[in-house]
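Written below as structure tokens is the structure these notes are about.
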Amino acid sequence: TDSDPDPDFGSGDEEAFLRADPFPFYARRLATDDDRKKALTDSAQIAASQRPTTLPFRTKDLGKVVQVECVQNKHSVQFLFQLPSLSHHYKVRPLDYISHLVGHEGPGSILSFLKQRGLATELFSSENTSYHNFSLFSVMILLTSEGLDSLEFVSQVVFAYLNLIVQKHRQLPDNIIHEIQAINTMNFRFKEKSNPSATAIQFAKSLHLVAPSRILASAVCFENSFDQTIFEACLP
């Protein structure tokens, strides 16, 4: 409104906006370190008690197709797979290995097979989301117009390939493990600068799950660790 002291001020009331120094305001209410610690502990306990503990999609919700009309002249299909939370497995990152297999672009891969038939141009696979109670693994394929018309066939190819991984790579070969670890190590060593604000948000989120000394390393798997049991648990 016209009476707003600053129309770009996104949250809080006029009193909060006009308060020149907010720190004495909070210090008066949390006078000691013990008070501050108790407030933070109580807040964390309340937040934890209110967190959902189940997977986001119920059994009856699975296997559904959701169609979205895109404004741009682009076609894509995304497959989402829900898993129990893997955020605490940041040292082994099992979905990195599955993503590597699915996203492989050489002969015999999903993308190579679809490209040969003029159905797709690109493929991306990764851990889409990871929260305290679930993780999502995503396979996204950019389709041609012919690929959009052959969506059922494209879906069959994706699930046939996933089934092939289950049959042939449940015991992951050492050469694939070492290749993935080498790539992740290189990505960590030569990582480009990222947006400071986005980086700060990512680190703040990670503090709920990762020791402060491991924050930088938790974004990639470069510790030469692989857990076969956790990897197999992620497979269908």
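Ligands are numbered from 1 in the order shown, residues from 1 within each chain, and chains are lettered A, B, ... in the order they appear in the structure tokens.
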Give me, as a Markdown table, each residue of segment 88-115 of chain A that comes within 12 Å of segment 184-202 of chain A, together with its shortest interatomic pair and the distance in Å at one decimal, counting only C-alpha atoms, with rows ordered by chain and rising residue number.
```
| residue | atom | partner | partner_atom | distance |
| --- | --- | --- | --- | --- |
| A:Lys91 | CA | A:Asn184 | CA | 11.9 |
| A:Val92 | CA | A:Asn184 | CA | 11.5 |
| A:Arg93 | CA | A:Asn184 | CA | 10.7 |
| A:Asp96 | CA | A:Asn184 | CA | 9.1 |
| A:Tyr97 | CA | A:Asn184 | CA | 10.7 |
| A:His100 | CA | A:Asn184 | CA | 10.9 |
```
Take the residues that were just selected and, keeping N, CA, C and O atoms, output them as a PDB file, in the first residue's frame.
```pdb
ATOM      1  N   LYS A  91      28.013 -40.086   2.515  1.00  0.00           N
ATOM      2  CA  LYS A  91      29.381 -40.539   2.267  1.00  0.00           C
ATOM      3  C   LYS A  91      29.457 -41.584   1.157  1.00  0.00           C
ATOM      4  O   LYS A  91      30.493 -41.728   0.512  1.00  0.00           O
ATOM      5  N   VAL A  92      28.384 -42.298   0.931  1.00  0.00           N
ATOM      6  CA  VAL A  92      28.407 -43.350  -0.097  1.00  0.00           C
ATOM      7  C   VAL A  92      27.542 -43.011  -1.304  1.00  0.00           C
ATOM      8  O   VAL A  92      27.754 -43.556  -2.389  1.00  0.00           O
ATOM      9  N   ARG A  93      26.562 -42.145  -1.128  1.00  0.00           N
ATOM     10  CA  ARG A  93      25.723 -41.625  -2.219  1.00  0.00           C
ATOM     11  C   ARG A  93      25.360 -42.726  -3.225  1.00  0.00           C
ATOM     12  O   ARG A  93      25.796 -42.710  -4.379  1.00  0.00           O
ATOM     13  N   ASP A  96      24.214 -41.994  -6.900  1.00  0.00           N
ATOM     14  CA  ASP A  96      25.207 -41.555  -7.885  1.00  0.00           C
ATOM     15  C   ASP A  96      25.558 -42.691  -8.838  1.00  0.00           C
ATOM     16  O   ASP A  96      25.764 -42.476 -10.037  1.00  0.00           O
ATOM     17  N   TYR A  97      25.626 -43.903  -8.297  1.00  0.00           N
ATOM     18  CA  TYR A  97      26.010 -45.057  -9.111  1.00  0.00           C
ATOM     19  C   TYR A  97      24.875 -45.451 -10.060  1.00  0.00           C
ATOM     20  O   TYR A  97      25.112 -45.769 -11.230  1.00  0.00           O
ATOM     21  N   HIS A 100      24.702 -42.900 -12.796  1.00  0.00           N
ATOM     22  CA  HIS A 100      25.764 -43.093 -13.783  1.00  0.00           C
ATOM     23  C   HIS A 100      25.374 -44.159 -14.802  1.00  0.00           C
ATOM     24  O   HIS A 100      25.604 -43.997 -16.002  1.00  0.00           O
TER      25      HIS A 100
END
```
Per residue of segment 146-185 of chain A within 12 Å of segment 58-76 of chain A, which atom pair is closest and at what distance in Å (one decimal), using only C-alpha atoms, listed by chain and increasing number, as CSV?
```
residue,atom,partner,partner_atom,distance
A:Glu146,CA,A:His75,CA,10.0
A:Gly147,CA,A:His75,CA,8.4
A:Leu148,CA,A:His75,CA,6.7
A:Asp149,CA,A:His75,CA,10.2
A:Ser150,CA,A:His75,CA,11.8
A:Leu151,CA,A:Ser76,CA,9.6
A:Glu152,CA,A:Val65,CA,10.8
A:Val154,CA,A:Ser76,CA,10.9
A:Ser155,CA,A:Val65,CA,10.9
```
What does the file look like for those residues with C-alpha atoms, as a PDB file, in the first residue's frame?
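Output file again_8.pdb is given in full below:
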```pdb
ATOM      1  CA  GLU A 146       8.172 -38.516 -32.665  1.00  0.00           C
ATOM      2  CA  GLY A 147       9.259 -39.405 -29.135  1.00  0.00           C
ATOM      3  CA  LEU A 148       6.230 -37.658 -27.673  1.00  0.00           C
ATOM      4  CA  ASP A 149       3.993 -39.681 -29.960  1.00  0.00           C
ATOM      5  CA  SER A 150       5.814 -42.862 -28.853  1.00  0.00           C
ATOM      6  CA  LEU A 151       5.724 -42.145 -25.117  1.00  0.00           C
ATOM      7  CA  GLU A 152       4.621 -45.657 -24.182  1.00  0.00           C
ATOM      8  CA  VAL A 154       9.983 -44.729 -24.484  1.00  0.00           C
ATOM      9  CA  SER A 155       8.646 -45.749 -21.067  1.00  0.00           C
TER      10      SER A 155
END
```
DSSP-assigned strand (DSSP E or B) among segment 20-236 of chain A, expressed as JSON, numbers by chain: {"A": [75, 76, 77, 78, 79, 80, 81, 82, 83, 120, 121, 122, 123, 124, 125, 126, 127, 128, 129, 130, 135, 136, 137, 138, 139, 140, 141, 142, 143]}
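Using only C-alpha atoms for every distance, the candidate list A:Gly103, A:Pro212, A:Pro94, A:Gly118 yields A:Pro94 as the residue closest to Leu172 of chain A.
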Backbone-only DSSP, helix (DSSP H, G or I) members of segment 83-195 of chain A, as JSON, numbers by chain: {"A": [87, 88, 89, 94, 95, 96, 97, 98, 99, 100, 101, 102, 103, 110, 111, 112, 113, 114, 115, 116, 145, 146, 147, 148, 149, 151, 152, 153, 154, 155, 156, 157, 158, 159, 160, 161, 162, 163, 164, 165, 166, 167, 168, 174, 175, 176, 177, 178, 179, 180, 181, 182, 183, 184, 185, 186, 187, 188, 189]}
Contacts of Gln82 of chain A at 12 Å or less, counting only C-alpha atoms, minus same-chain residues fewer than 3 places along, as a short mmCIF file (atom, residue, chain, number, x, y, z; two decimals) with N, CA, C and O atoms, in the first residue's frame?
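part28.cif, freshly written:
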```cif
data_model
loop_
_atom_site.label_atom_id
_atom_site.label_comp_id
_atom_site.auth_asym_id
_atom_site.auth_seq_id
_atom_site.Cartn_x
_atom_site.Cartn_y
_atom_site.Cartn_z
N THR A 54 6.35 -40.68 6.79
CA THR A 54 5.99 -41.63 5.74
C THR A 54 6.45 -41.11 4.38
O THR A 54 6.78 -39.93 4.22
N LEU A 55 6.45 -41.99 3.39
CA LEU A 55 6.78 -41.59 2.03
C LEU A 55 5.68 -40.70 1.46
O LEU A 55 4.51 -40.84 1.85
N PRO A 56 6.00 -39.80 0.55
CA PRO A 56 5.00 -38.83 0.07
C PRO A 56 3.90 -39.44 -0.78
O PRO A 56 2.77 -38.98 -0.75
N PHE A 57 4.23 -40.51 -1.53
CA PHE A 57 3.24 -41.10 -2.41
C PHE A 57 2.75 -42.43 -1.84
O PHE A 57 3.55 -43.29 -1.47
N ARG A 58 1.45 -42.57 -1.77
CA ARG A 58 0.88 -43.82 -1.31
C ARG A 58 0.91 -44.85 -2.44
O ARG A 58 1.12 -44.50 -3.60
N THR A 59 0.70 -46.10 -2.10
CA THR A 59 0.75 -47.17 -3.11
C THR A 59 -0.23 -46.91 -4.23
O THR A 59 0.08 -47.09 -5.42
N ASP A 61 -1.09 -44.15 -5.37
CA ASP A 61 -0.69 -43.00 -6.16
C ASP A 61 0.40 -43.34 -7.18
O ASP A 61 0.70 -42.53 -8.06
N LEU A 62 1.01 -44.51 -7.05
CA LEU A 62 2.13 -44.87 -7.91
C LEU A 62 1.65 -45.32 -9.28
O LEU A 62 0.51 -45.73 -9.45
N GLY A 63 2.55 -45.24 -10.25
CA GLY A 63 2.22 -45.68 -11.60
C GLY A 63 1.28 -44.74 -12.33
O GLY A 63 0.63 -45.13 -13.31
N PHE A 79 10.51 -39.45 -15.13
CA PHE A 79 10.13 -40.59 -14.30
C PHE A 79 10.66 -40.32 -12.89
O PHE A 79 11.85 -40.05 -12.71
N SER A 85 14.57 -42.03 2.85
CA SER A 85 15.58 -40.97 2.83
C SER A 85 17.00 -41.54 2.77
O SER A 85 17.36 -42.47 3.50
N LEU A 86 17.79 -40.96 1.86
CA LEU A 86 19.20 -41.36 1.73
C LEU A 86 20.14 -40.24 2.14
O LEU A 86 21.35 -40.34 1.92
N LEU A 95 22.76 -43.35 -5.02
CA LEU A 95 22.06 -42.97 -6.25
C LEU A 95 23.02 -42.41 -7.30
O LEU A 95 22.67 -42.37 -8.48
N GLU A 127 19.59 -37.76 -8.30
CA GLU A 127 18.75 -37.68 -7.10
C GLU A 127 18.04 -36.34 -7.16
O GLU A 127 18.66 -35.29 -7.09
N ASN A 128 16.74 -36.37 -7.31
CA ASN A 128 15.97 -35.15 -7.52
C ASN A 128 15.76 -34.39 -6.23
O ASN A 128 15.89 -33.16 -6.18
N THR A 129 15.46 -35.10 -5.16
CA THR A 129 15.14 -34.48 -3.87
C THR A 129 15.54 -35.44 -2.76
O THR A 129 15.45 -36.66 -2.91
N SER A 130 16.01 -34.89 -1.64
CA SER A 130 16.30 -35.73 -0.48
C SER A 130 15.91 -34.98 0.79
O SER A 130 16.48 -33.92 1.08
N TYR A 131 14.92 -35.52 1.50
CA TYR A 131 14.48 -34.94 2.76
C TYR A 131 14.70 -35.95 3.88
O TYR A 131 15.23 -37.04 3.66
N ASN A 133 12.60 -37.76 5.38
CA ASN A 133 11.77 -38.97 5.35
C ASN A 133 11.67 -39.63 3.98
O ASN A 133 11.11 -40.71 3.86
N PHE A 134 12.22 -39.01 2.94
CA PHE A 134 12.18 -39.66 1.63
C PHE A 134 13.19 -39.01 0.68
O PHE A 134 13.68 -37.91 0.90
N SER A 135 13.51 -39.76 -0.38
CA SER A 135 14.33 -39.25 -1.48
C SER A 135 13.61 -39.57 -2.78
O SER A 135 12.84 -40.53 -2.86
N LEU A 136 13.87 -38.77 -3.80
CA LEU A 136 13.31 -38.99 -5.12
C LEU A 136 14.43 -39.12 -6.14
O LEU A 136 15.35 -38.29 -6.17
N PHE A 137 14.37 -40.16 -6.95
CA PHE A 137 15.31 -40.34 -8.04
C PHE A 137 14.60 -40.02 -9.35
O PHE A 137 13.47 -40.47 -9.58
N SER A 138 15.24 -39.21 -10.18
CA SER A 138 14.60 -38.71 -11.39
C SER A 138 15.34 -39.14 -12.64
O SER A 138 16.57 -39.12 -12.68
N VAL A 139 14.57 -39.52 -13.66
CA VAL A 139 15.10 -39.75 -15.01
C VAL A 139 14.28 -38.86 -15.94
O VAL A 139 13.08 -39.06 -16.08
N CYS A 234 18.51 -49.73 -2.96
CA CYS A 234 17.95 -48.70 -3.82
C CYS A 234 17.38 -49.26 -5.11
O CYS A 234 16.65 -48.57 -5.83
N LEU A 235 17.74 -50.50 -5.43
CA LEU A 235 17.27 -51.12 -6.67
C LEU A 235 15.86 -51.68 -6.48
O LEU A 235 15.47 -52.04 -5.36
N PRO A 236 15.08 -51.72 -7.55
CA PRO A 236 13.71 -52.25 -7.44
C PRO A 236 13.69 -53.69 -6.96
O PRO A 236 14.60 -54.46 -7.27
#
```
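Here atom CA of Gln156 of chain A stands at a distance of 11.3 Å from atom CA of Leu114 of chain A.
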Separation of atom CA of Ile183 of chain A from atom CA of Leu119 of chain A, in Å and rounded to one decimal: 28.6 Å
Selected residue, from A:Thr121, A:Leu83, A:Phe226, A:His104, that lies nearest to Asp174 of chain A when counting only C-alpha atoms: A:Phe226
Å distance separating atom CA of Ile177 of chain A from atom CA of His208 of chain A, one decimal place: 28.3 Å
Residues near Pro173 of chain A, cut-off 12 Å, only C-alpha atoms, skip fewer than 5 positions along chain, as a ChimeraX atom specification: /A:97,101,165,168,178-180,226,228
